[in-house]
Every structure is written in structure tokens, then in C-alpha cells.
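Heads up, upload.cif below (mmCIF, C-alpha atoms and all ligand atoms; chains and numbers go by the auth columns):
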data_model
#
loop_
_atom_site.group_PDB
_atom_site.id
_atom_site.type_symbol
_atom_site.label_atom_id
_atom_site.label_comp_id
_atom_site.label_asym_id
_atom_site.label_seq_id
_atom_site.Cartn_x
_atom_site.Cartn_y
_atom_site.Cartn_z
_atom_site.B_iso_or_equiv
_atom_site.auth_seq_id
_atom_site.auth_asym_id
ATOM 1 C CA MET A 1 25.772 8.900 -44.049 0.00 27 A
ATOM 2 C CA ASN A 2 24.307 10.331 -40.855 0.00 28 A
ATOM 3 C CA ALA A 3 20.974 12.143 -40.885 0.00 29 A
ATOM 4 C CA PRO A 4 21.075 15.928 -40.253 0.00 30 A
ATOM 5 C CA PHE A 5 21.657 17.306 -36.788 0.00 31 A
ATOM 6 C CA VAL A 6 20.011 20.703 -36.225 0.00 32 A
ATOM 7 C CA THR A 7 20.375 22.782 -33.073 0.00 33 A
ATOM 8 C CA PHE A 8 18.603 25.869 -31.763 0.00 34 A
ATOM 9 C CA GLU A 9 20.281 28.477 -29.608 0.00 35 A
ATOM 10 C CA GLY A 10 19.510 31.838 -28.061 0.00 36 A
ATOM 11 C CA ILE A 11 19.294 33.599 -24.735 0.00 37 A
ATOM 12 C CA GLU A 12 16.441 32.972 -22.298 0.00 38 A
ATOM 13 C CA GLY A 13 13.073 33.928 -23.750 0.00 39 A
ATOM 14 C CA SER A 14 14.299 33.926 -27.366 0.00 40 A
ATOM 15 C CA GLY A 15 11.495 31.601 -28.455 0.00 41 A
ATOM 16 C CA LYS A 16 13.783 28.791 -29.674 0.00 42 A
ATOM 17 C CA THR A 17 11.727 26.053 -27.993 0.00 43 A
ATOM 18 C CA THR A 18 8.637 27.151 -29.958 0.00 44 A
ATOM 19 C CA GLN A 19 10.693 26.936 -33.157 0.00 45 A
ATOM 20 C CA VAL A 20 11.873 23.408 -32.332 0.00 46 A
ATOM 21 C CA ARG A 21 8.221 22.396 -31.940 0.00 47 A
ATOM 22 C CA LEU A 22 7.139 24.128 -35.169 0.00 48 A
ATOM 23 C CA LEU A 23 9.938 22.476 -37.137 0.00 49 A
ATOM 24 C CA SER A 24 9.110 19.090 -35.632 0.00 50 A
ATOM 25 C CA ASP A 25 5.430 19.483 -36.606 0.00 51 A
ATOM 26 C CA TYR A 26 6.487 20.469 -40.109 0.00 52 A
ATOM 27 C CA LEU A 27 8.785 17.437 -40.463 0.00 53 A
ATOM 28 C CA THR A 28 6.059 15.146 -39.159 0.00 54 A
ATOM 29 C CA VAL A 29 3.663 16.424 -41.827 0.00 55 A
ATOM 30 C CA LYS A 30 6.359 15.863 -44.459 0.00 56 A
ATOM 31 C CA GLY A 31 6.985 12.341 -43.162 0.00 57 A
ATOM 32 C CA ILE A 32 10.618 13.045 -42.260 0.00 58 A
ATOM 33 C CA SER A 33 11.767 10.783 -39.460 0.00 59 A
ATOM 34 C CA HIS A 34 13.279 12.808 -36.634 0.00 60 A
ATOM 35 C CA ARG A 35 13.819 12.981 -32.931 0.00 61 A
ATOM 36 C CA VAL A 36 13.361 16.049 -30.730 0.00 62 A
ATOM 37 C CA THR A 37 15.563 16.472 -27.705 0.00 63 A
ATOM 38 C CA ARG A 38 17.148 19.136 -25.543 0.00 64 A
ATOM 39 C CA GLU A 39 20.181 19.970 -23.428 0.00 65 A
ATOM 40 C CA PRO A 40 20.764 19.649 -20.629 0.00 66 A
ATOM 41 C CA GLY A 41 18.576 16.561 -20.604 0.00 67 A
ATOM 42 C CA GLY A 42 17.358 13.924 -23.016 0.00 68 A
ATOM 43 C CA THR A 43 18.052 10.828 -20.856 0.00 69 A
ATOM 44 C CA PRO A 44 16.962 10.014 -17.286 0.00 70 A
ATOM 45 C CA LEU A 45 20.452 10.714 -15.917 0.00 71 A
ATOM 46 C CA ALA A 46 20.907 13.904 -17.970 0.00 72 A
ATOM 47 C CA ASP A 47 17.449 15.056 -16.829 0.00 73 A
ATOM 48 C CA GLU A 48 18.537 14.587 -13.220 0.00 74 A
ATOM 49 C CA ILE A 49 21.652 16.647 -13.937 0.00 75 A
ATOM 50 C CA ARG A 50 19.370 19.289 -15.483 0.00 76 A
ATOM 51 C CA SER A 51 17.391 19.518 -12.244 0.00 77 A
ATOM 52 C CA LEU A 52 20.623 19.852 -10.269 0.00 78 A
ATOM 53 C CA LEU A 53 21.795 22.633 -12.558 0.00 79 A
ATOM 54 C CA LEU A 54 18.606 24.638 -12.745 0.00 80 A
ATOM 55 C CA SER A 55 17.267 24.442 -9.202 0.00 81 A
ATOM 56 C CA ARG A 56 17.917 27.526 -7.118 0.00 82 A
ATOM 57 C CA ARG A 57 20.043 26.744 -4.103 0.00 83 A
ATOM 58 C CA GLU A 58 21.750 28.391 -1.141 0.00 84 A
ATOM 59 C CA GLU A 59 25.131 26.868 -1.972 0.00 85 A
ATOM 60 C CA PHE A 60 27.232 28.832 -4.462 0.00 86 A
ATOM 61 C CA VAL A 61 27.807 26.841 -7.652 0.00 87 A
ATOM 62 C CA PHE A 62 31.297 27.420 -9.018 0.00 88 A
ATOM 63 C CA PRO A 63 31.563 28.008 -12.781 0.00 89 A
ATOM 64 C CA GLU A 64 33.798 24.941 -13.172 0.00 90 A
ATOM 65 C CA THR A 65 31.270 22.745 -11.351 0.00 91 A
ATOM 66 C CA GLU A 66 28.526 24.058 -13.587 0.00 92 A
ATOM 67 C CA LEU A 67 30.631 23.471 -16.707 0.00 93 A
ATOM 68 C CA LEU A 68 31.410 19.867 -15.795 0.00 94 A
ATOM 69 C CA LEU A 69 27.780 19.095 -15.006 0.00 95 A
ATOM 70 C CA TYR A 70 26.640 20.430 -18.392 0.00 96 A
ATOM 71 C CA GLU A 71 29.352 18.389 -20.104 0.00 97 A
ATOM 72 C CA ALA A 72 28.485 15.263 -18.095 0.00 98 A
ATOM 73 C CA ALA A 73 24.851 15.554 -19.170 0.00 99 A
ATOM 74 C CA ARG A 74 25.999 16.037 -22.784 0.00 100 A
ATOM 75 C CA ALA A 75 28.324 13.020 -22.747 0.00 101 A
ATOM 76 C CA GLN A 76 25.413 10.818 -21.683 0.00 102 A
ATOM 77 C CA HIS A 77 22.912 12.397 -24.067 0.00 103 A
ATOM 78 C CA VAL A 78 25.125 12.243 -27.158 0.00 104 A
ATOM 79 C CA ARG A 79 26.004 8.595 -26.655 0.00 105 A
ATOM 80 C CA SER A 80 22.598 7.309 -25.691 0.00 106 A
ATOM 81 C CA VAL A 81 20.310 9.466 -27.834 0.00 107 A
ATOM 82 C CA ILE A 82 21.894 11.685 -30.490 0.00 108 A
ATOM 83 C CA LEU A 83 24.471 9.349 -32.014 0.00 109 A
ATOM 84 C CA PRO A 84 22.180 6.297 -32.220 0.00 110 A
ATOM 85 C CA ALA A 85 19.408 8.403 -33.799 0.00 111 A
ATOM 86 C CA LEU A 86 21.687 10.008 -36.398 0.00 112 A
ATOM 87 C CA SER A 87 23.340 6.766 -37.349 0.00 113 A
ATOM 88 C CA SER A 88 19.980 5.044 -37.781 0.00 114 A
ATOM 89 C CA GLY A 89 18.944 7.754 -40.252 0.00 115 A
ATOM 90 C CA GLN A 90 16.770 9.791 -37.890 0.00 116 A
ATOM 91 C CA ALA A 91 17.335 13.549 -37.999 0.00 117 A
ATOM 92 C CA VAL A 92 17.811 15.192 -34.605 0.00 118 A
ATOM 93 C CA LEU A 93 16.441 18.581 -33.535 0.00 119 A
ATOM 94 C CA CYS A 94 18.103 19.674 -30.320 0.00 120 A
ATOM 95 C CA ASP A 95 17.091 22.606 -28.132 0.00 121 A
ATOM 96 C CA ARG A 96 20.604 23.875 -27.269 0.00 122 A
ATOM 97 C CA PHE A 97 23.910 22.062 -27.685 0.00 123 A
ATOM 98 C CA TYR A 98 27.577 22.870 -27.151 0.00 124 A
ATOM 99 C CA ASP A 99 27.361 26.471 -28.397 0.00 125 A
ATOM 100 C CA ALA A 100 25.400 27.146 -25.195 0.00 126 A
ATOM 101 C CA THR A 101 28.410 26.020 -23.167 0.00 127 A
ATOM 102 C CA SER A 102 30.694 28.340 -25.126 0.00 128 A
ATOM 103 C CA ALA A 103 28.300 31.270 -24.649 0.00 129 A
ATOM 104 C CA TYR A 104 27.223 30.683 -21.013 0.00 130 A
ATOM 105 C CA GLN A 105 30.173 29.023 -19.294 0.00 131 A
ATOM 106 C CA GLY A 106 32.846 30.309 -21.689 0.00 132 A
ATOM 107 C CA HIS A 107 31.938 33.866 -22.539 0.00 133 A
ATOM 108 C CA SER A 108 29.634 34.793 -19.686 0.00 134 A
ATOM 109 C CA ARG A 109 31.228 32.849 -16.812 0.00 135 A
ATOM 110 C CA ASN A 110 34.671 33.613 -18.198 0.00 136 A
ATOM 111 C CA ILE A 111 36.119 30.100 -18.417 0.00 137 A
ATOM 112 C CA ASP A 112 38.977 29.755 -20.890 0.00 138 A
ATOM 113 C CA GLY A 113 37.637 29.031 -24.401 0.00 139 A
ATOM 114 C CA ALA A 114 40.251 26.391 -25.242 0.00 140 A
ATOM 115 C CA ARG A 115 39.242 24.352 -22.189 0.00 141 A
ATOM 116 C CA ILE A 116 35.580 24.644 -23.115 0.00 142 A
ATOM 117 C CA GLU A 117 36.312 23.462 -26.638 0.00 143 A
ATOM 118 C CA TRP A 118 38.287 20.500 -25.346 0.00 144 A
ATOM 119 C CA LEU A 119 35.446 19.469 -23.051 0.00 145 A
ATOM 120 C CA ASN A 120 32.799 20.099 -25.720 0.00 146 A
ATOM 121 C CA ASP A 121 34.757 17.846 -28.007 0.00 147 A
ATOM 122 C CA LEU A 122 35.090 15.094 -25.414 0.00 148 A
ATOM 123 C CA ALA A 123 31.422 15.220 -24.445 0.00 149 A
ATOM 124 C CA SER A 124 30.077 15.363 -27.980 0.00 150 A
ATOM 125 C CA ALA A 125 32.099 12.376 -29.271 0.00 151 A
ATOM 126 C CA GLY A 126 32.787 14.062 -32.585 0.00 152 A
ATOM 127 C CA VAL A 127 29.124 14.920 -33.244 0.00 153 A
ATOM 128 C CA SER A 128 28.689 18.454 -34.504 0.00 154 A
ATOM 129 C CA PRO A 129 25.567 20.223 -35.707 0.00 155 A
ATOM 130 C CA ASP A 130 25.063 20.547 -39.461 0.00 156 A
ATOM 131 C CA LEU A 131 22.957 23.632 -38.924 0.00 157 A
ATOM 132 C CA THR A 132 22.370 25.898 -35.919 0.00 158 A
ATOM 133 C CA PHE A 133 19.690 28.548 -35.623 0.00 159 A
ATOM 134 C CA LEU A 134 20.544 31.465 -33.377 0.00 160 A
ATOM 135 C CA ILE A 135 17.310 33.196 -32.403 0.00 161 A
ATOM 136 C CA ASP A 136 18.548 36.604 -31.391 0.00 162 A
ATOM 137 C CA ILE A 137 16.786 38.978 -29.008 0.00 163 A
ATOM 138 C CA SER A 138 17.996 41.570 -26.519 0.00 164 A
ATOM 139 C CA PRO A 139 18.320 40.520 -22.848 0.00 165 A
ATOM 140 C CA ALA A 140 15.749 43.190 -21.946 0.00 166 A
ATOM 141 C CA GLU A 141 13.189 41.619 -24.280 0.00 167 A
ATOM 142 C CA GLY A 142 14.124 38.156 -22.972 0.00 168 A
ATOM 143 C CA PHE A 143 13.484 39.273 -19.409 0.00 169 A
ATOM 144 C CA VAL A 144 10.029 40.587 -20.281 0.00 170 A
ATOM 145 C CA ARG A 145 9.153 37.253 -21.904 0.00 171 A
ATOM 146 C CA ILE A 146 10.455 35.148 -19.009 0.00 172 A
ATOM 147 C CA SER A 147 8.599 37.194 -16.430 0.00 173 A
ATOM 148 C CA GLY A 148 5.356 36.549 -18.307 0.00 174 A
ATOM 149 C CA ARG A 149 5.764 32.787 -17.912 0.00 175 A
ATOM 150 C CA GLY A 150 4.275 32.313 -14.484 0.00 176 A
ATOM 151 C CA SER A 151 6.830 29.822 -13.139 0.00 177 A
ATOM 152 C CA GLY A 152 9.578 31.587 -11.185 0.00 178 A
ATOM 153 C CA PRO A 153 12.975 32.009 -12.859 0.00 179 A
ATOM 154 C CA ASP A 154 15.400 29.074 -12.523 0.00 180 A
ATOM 155 C CA ARG A 155 18.984 29.422 -11.265 0.00 181 A
ATOM 156 C CA ILE A 156 20.397 30.584 -14.599 0.00 182 A
ATOM 157 C CA GLU A 157 17.405 32.704 -15.609 0.00 183 A
ATOM 158 C CA SER A 158 17.722 34.627 -12.356 0.00 184 A
ATOM 159 C CA GLU A 159 21.245 35.807 -13.247 0.00 185 A
ATOM 160 C CA SER A 160 21.691 39.552 -13.904 0.00 186 A
ATOM 161 C CA VAL A 161 20.909 41.374 -17.155 0.00 187 A
ATOM 162 C CA GLU A 162 24.676 41.850 -17.563 0.00 188 A
ATOM 163 C CA PHE A 163 25.169 38.073 -17.441 0.00 189 A
ATOM 164 C CA HIS A 164 22.586 37.558 -20.169 0.00 190 A
ATOM 165 C CA ALA A 165 24.037 40.410 -22.223 0.00 191 A
ATOM 166 C CA LYS A 166 27.387 38.594 -22.143 0.00 192 A
ATOM 167 C CA VAL A 167 25.725 35.342 -23.170 0.00 193 A
ATOM 168 C CA ARG A 168 24.265 37.118 -26.179 0.00 194 A
ATOM 169 C CA GLU A 169 27.655 38.610 -27.005 0.00 195 A
ATOM 170 C CA GLY A 170 29.132 35.102 -26.730 0.00 196 A
ATOM 171 C CA TYR A 171 26.604 33.797 -29.231 0.00 197 A
ATOM 172 C CA LEU A 172 27.350 36.663 -31.636 0.00 198 A
ATOM 173 C CA ARG A 173 31.085 35.821 -31.431 0.00 199 A
ATOM 174 C CA LEU A 174 30.279 32.207 -32.285 0.00 200 A
ATOM 175 C CA LEU A 175 28.294 33.448 -35.259 0.00 201 A
ATOM 176 C CA GLU A 176 31.369 35.349 -36.490 0.00 202 A
ATOM 177 C CA ARG A 177 33.478 32.201 -36.126 0.00 203 A
ATOM 178 C CA HIS A 178 30.995 29.810 -37.745 0.00 204 A
ATOM 179 C CA PRO A 179 29.054 31.832 -40.317 0.00 205 A
ATOM 180 C CA GLY A 180 28.491 28.768 -42.489 0.00 206 A
ATOM 181 C CA ARG A 181 26.848 26.708 -39.752 0.00 207 A
ATOM 182 C CA ILE A 182 25.086 29.273 -37.585 0.00 208 A
ATOM 183 C CA VAL A 183 22.104 31.106 -39.059 0.00 209 A
ATOM 184 C CA PRO A 184 20.904 34.124 -37.075 0.00 210 A
ATOM 185 C CA ILE A 185 17.225 35.051 -37.033 0.00 211 A
ATOM 186 C CA ASP A 186 15.723 38.181 -35.511 0.00 212 A
ATOM 187 C CA GLY A 187 13.756 36.842 -32.545 0.00 213 A
ATOM 188 C CA THR A 188 11.668 39.994 -32.215 0.00 214 A
ATOM 189 C CA LEU A 189 9.718 38.882 -35.306 0.00 215 A
ATOM 190 C CA SER A 190 6.500 36.949 -34.724 0.00 216 A
ATOM 191 C CA ALA A 191 6.878 33.203 -34.152 0.00 217 A
ATOM 192 C CA ASP A 192 5.352 32.639 -37.616 0.00 218 A
ATOM 193 C CA ASP A 193 7.846 34.953 -39.289 0.00 219 A
ATOM 194 C CA VAL A 194 10.770 33.364 -37.459 0.00 220 A
ATOM 195 C CA PHE A 195 9.497 29.963 -38.540 0.00 221 A
ATOM 196 C CA ARG A 196 9.186 31.098 -42.176 0.00 222 A
ATOM 197 C CA ARG A 197 12.926 31.770 -42.106 0.00 223 A
ATOM 198 C CA VAL A 198 13.646 28.466 -40.393 0.00 224 A
ATOM 199 C CA ARG A 199 11.640 26.667 -43.077 0.00 225 A
ATOM 200 C CA GLU A 200 13.356 28.530 -45.936 0.00 226 A
ATOM 201 C CA THR A 201 16.739 27.668 -44.481 0.00 227 A
ATOM 202 C CA VAL A 202 16.080 23.961 -43.919 0.00 228 A
ATOM 203 C CA SER A 203 14.607 23.734 -47.388 0.00 229 A
ATOM 204 C CA ALA A 204 17.667 25.369 -48.999 0.00 230 A
ATOM 205 C CA ARG A 205 20.278 23.617 -46.854 0.00 231 A
ATOM 206 C CA LEU A 206 18.824 20.224 -46.090 0.00 232 A
ATOM 207 C CA GLY A 207 16.241 19.750 -48.814 0.00 233 A
ATOM 208 C CA TRP A 208 13.409 19.536 -46.250 0.00 234 A
HETATM 209 P P1 LIG B . 16.720 25.869 -21.477 0.00 301 B
HETATM 210 O O1 LIG B . 15.985 26.489 -20.350 0.00 301 B
HETATM 211 O O2 LIG B . 16.792 26.682 -22.687 0.00 301 B
HETATM 212 O O3 LIG B . 16.314 24.463 -21.727 0.00 301 B
HETATM 213 O O4 LIG B . 18.266 25.760 -21.014 0.00 301 B
HETATM 214 C C1 LIG B . 18.621 25.458 -19.754 0.00 301 B
HETATM 215 C C2 LIG B . 19.523 26.489 -19.175 0.00 301 B
HETATM 216 O O5 LIG B . 20.860 25.983 -19.157 0.00 301 B
HETATM 217 C C3 LIG B . 19.588 27.827 -19.872 0.00 301 B
HETATM 218 O O6 LIG B . 19.640 28.813 -18.863 0.00 301 B
HETATM 219 C C4 LIG B . 20.901 27.796 -20.589 0.00 301 B
HETATM 220 C C5 LIG B . 21.760 26.926 -19.725 0.00 301 B
HETATM 221 N N1 LIG B . 22.818 26.178 -20.396 0.00 301 B
HETATM 222 C C6 LIG B . 24.140 26.471 -20.089 0.00 301 B
HETATM 223 O O7 LIG B . 24.420 27.368 -19.311 0.00 301 B
HETATM 224 N N2 LIG B . 25.123 25.723 -20.672 0.00 301 B
HETATM 225 C C7 LIG B . 24.852 24.689 -21.543 0.00 301 B
HETATM 226 O O8 LIG B . 25.771 24.039 -22.041 0.00 301 B
HETATM 227 C C8 LIG B . 23.472 24.400 -21.844 0.00 301 B
HETATM 228 C C9 LIG B . 23.134 23.283 -22.778 0.00 301 B
HETATM 229 C C10 LIG B . 22.490 25.174 -21.252 0.00 301 B
#
Would you mind writing the file out in C-alpha cells?
Amino acid sequence: MNAPFVTFEGIEGSGKTTQVRLLSDYLTVKGISHRVTREPGGTPLADEIRSLLLSRREEFVFPETELLLYEAARAQHVRSVILPALSSGQAVLCDRFYDATSAYQGHSRNIDGARIEWLNDLASAGVSPDLTFLIDISPAEGFVRISGRGSGPDRIESESVEFHAKVREGYLRLLERHPGRIVPIDGTLSADDVFRRVRETVSARLGW
């Protein structure tokens, strides 16, 4: 049987990356073998695609182009990192996965959901998360957090508040469709309080 696959989702500034790190530290202390990765990225080629996707550019990037680049990065990442880790018994913690495509390119960029699902399925080679944390904050709060970061916003971060509000709405729709897999957590809580919930959930669901 494959080891557990856990993903973290949320709009920009939700604090999910901090939670991935906290969970990884916790698993390390418990001696649970795991691998931490992220999307887009996780392999040299997928990291190059990430730079293409996130760099700000003069040329308009069409939603379909964006979608295919995210899926291309995923196809590479799943086959060279996620699948081998899971099948060798290593758990995988992934900062974003295909729910991000449904929320960003599907709901917010308005690409037909059935097409997104087909491509998600192709790219992910049948791998689906056992558990997904949705760290939920308002776009306004997300903006405040991103602006405090110092580095300028990337191409997606610099989209409008309306865009990010639609992404959040997309995530909340996914939550309605997959209530058993997706666990929402209020991202306005302190990082420690969010992590307490993460820990309670992984303990109840995965025995960690
Ligand atoms: P990150 O900054 O959280 O690592 O995510 C990179 C950006 O890419 C973020 O703005 C969300 C976006 N994204 C998509 O639009 N579609 C996707 O499928 C993924 C994985 C990320």
C-alpha cells in the first residue's frame, strides 16, 4: 500500500507553506519517513516551468497556455518524485497540487471544469491526495501578508483582488464537493493554532 499523500492549499498569503514546514518538522521528530515538495516545481524541469509561470512579463499569457504549463510541470513532478516516493513507503507533503489548478485556472480564469479535470487526471497519473488542508483567509488579509514579504509580487500574486476572491470561491466549491478529503482551517488563527488543528487531523486520519 502507498504511503499517505497530503496536500496544502489556500490563496496567496494563507500561510500554507509554514504549515508544510511545521508538519515536516513534526514528522521528522516522530521518525516518519516523508518527502516535502511543491507545485509547480519539485524537479529541475518543473522548477524551470515554475520560473516561466511566475515571472512577470510584457507578453500576455493566455489562460490555456498557463493551464498547460502547470499540467506539464505536474506530469513531470508526479512521475519523477511523488509516485516513486509513495510507492517506496515515503509519505509526501506537497505545497499545492491539482486543486490549485481547479481553483486558479478553472474557477478564476474560467476554463471549463471538465477539461481541467481531464488534464489533472492525465498529469497526476492516478495519484490523488489522501488528505488536503485548505488554509482559508480572505483575499484582503492575503494581500496584507504578501505586501509584508519584501520581494515584489510574482505574476499571479499581482492579479487583482477580484481574481483572488474567485480563487478562494473556487477552493470553497471544491470543499463542498470533497468534504471527506479537504479539511478547512481558519487561516486567520496564529500559525501555532493552525498547526494544532493540522496535527489533530493527521493524528485522527493517518495515525501520525
Ligand atoms: P506558490 O507561490 O504557493 O508556491 O504557488 C505558485 C503560484 O502558482 C500561486 O500563485 C498559485 C499558482 N498555481 C496555479 O495557478 N495553478 C496551479 O495548478 C498551481 C499548482 C499553482
message = Evaluated on this file, the PyMOL selection byres (((not hetatm)) within 9 of (chain B and resi 301)) picks out some residues - which ones are they, written as a ChimeraX atom specification?
response = /A:35-40,42-43,64-67,76,79-80,92-93,95-97,99-100,121-131,146,180-184,193
Okay, now the selection with C-alpha atoms, as an mmCIF file, keeping the file's coordinate frame?
data_model
loop_
_atom_site.group_PDB
_atom_site.id
_atom_site.type_symbol
_atom_site.label_atom_id
_atom_site.label_comp_id
_atom_site.auth_asym_id
_atom_site.auth_seq_id
_atom_site.Cartn_x
_atom_site.Cartn_y
_atom_site.Cartn_z
ATOM 1 C CA GLU A 35 20.281 28.477 -29.608
ATOM 2 C CA GLY A 36 19.510 31.838 -28.061
ATOM 3 C CA ILE A 37 19.294 33.599 -24.735
ATOM 4 C CA GLU A 38 16.441 32.972 -22.298
ATOM 5 C CA GLY A 39 13.073 33.928 -23.750
ATOM 6 C CA SER A 40 14.299 33.926 -27.366
ATOM 7 C CA LYS A 42 13.783 28.791 -29.674
ATOM 8 C CA THR A 43 11.727 26.053 -27.993
ATOM 9 C CA ARG A 64 17.148 19.136 -25.543
ATOM 10 C CA GLU A 65 20.181 19.970 -23.428
ATOM 11 C CA PRO A 66 20.764 19.649 -20.629
ATOM 12 C CA GLY A 67 18.576 16.561 -20.604
ATOM 13 C CA ARG A 76 19.370 19.289 -15.483
ATOM 14 C CA LEU A 79 21.795 22.633 -12.558
ATOM 15 C CA LEU A 80 18.606 24.638 -12.745
ATOM 16 C CA GLU A 92 28.526 24.058 -13.587
ATOM 17 C CA LEU A 93 30.631 23.471 -16.707
ATOM 18 C CA LEU A 95 27.780 19.095 -15.006
ATOM 19 C CA TYR A 96 26.640 20.430 -18.392
ATOM 20 C CA GLU A 97 29.352 18.389 -20.104
ATOM 21 C CA ALA A 99 24.851 15.554 -19.170
ATOM 22 C CA ARG A 100 25.999 16.037 -22.784
ATOM 23 C CA ASP A 121 17.091 22.606 -28.132
ATOM 24 C CA ARG A 122 20.604 23.875 -27.269
ATOM 25 C CA PHE A 123 23.910 22.062 -27.685
ATOM 26 C CA TYR A 124 27.577 22.870 -27.151
ATOM 27 C CA ASP A 125 27.361 26.471 -28.397
ATOM 28 C CA ALA A 126 25.400 27.146 -25.195
ATOM 29 C CA THR A 127 28.410 26.020 -23.167
ATOM 30 C CA SER A 128 30.694 28.340 -25.126
ATOM 31 C CA ALA A 129 28.300 31.270 -24.649
ATOM 32 C CA TYR A 130 27.223 30.683 -21.013
ATOM 33 C CA GLN A 131 30.173 29.023 -19.294
ATOM 34 C CA ASN A 146 32.799 20.099 -25.720
ATOM 35 C CA ASP A 180 15.400 29.074 -12.523
ATOM 36 C CA ARG A 181 18.984 29.422 -11.265
ATOM 37 C CA ILE A 182 20.397 30.584 -14.599
ATOM 38 C CA GLU A 183 17.405 32.704 -15.609
ATOM 39 C CA SER A 184 17.722 34.627 -12.356
ATOM 40 C CA VAL A 193 25.725 35.342 -23.170
#
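The environment of A:Ile211 within 8 Å, counting only C-alpha atoms and disregarding residues fewer than 5 places along the same chain, consists of Phe159, Leu160, Ile161, Asp162, Val220 and Arg223 of chain A.
Between A:Ser154 and the candidates A:Phe88, A:Phe189, A:Phe31, A:Phe221, the tightest atom-to-atom separation, counting only C-alpha atoms, involves A:Phe31.
Distances here use all atoms listed in the file; by that measure, the residue among A:Phe34, A:Gly41, A:Val170, A:Pro155 closest to A:Leu215 is A:Gly41.
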Draw an axis-aligned box over all listed atoms of stretch 71-79 of chain A, pad each side with 4 Å, and write its centre and edge lengths in Å, one decimal, as AutoDock Vina command-line options.
--center_x 19.6 --center_y 16.7 --center_z -14.1 --size_x 12.4 --size_y 19.9 --size_z 15.7
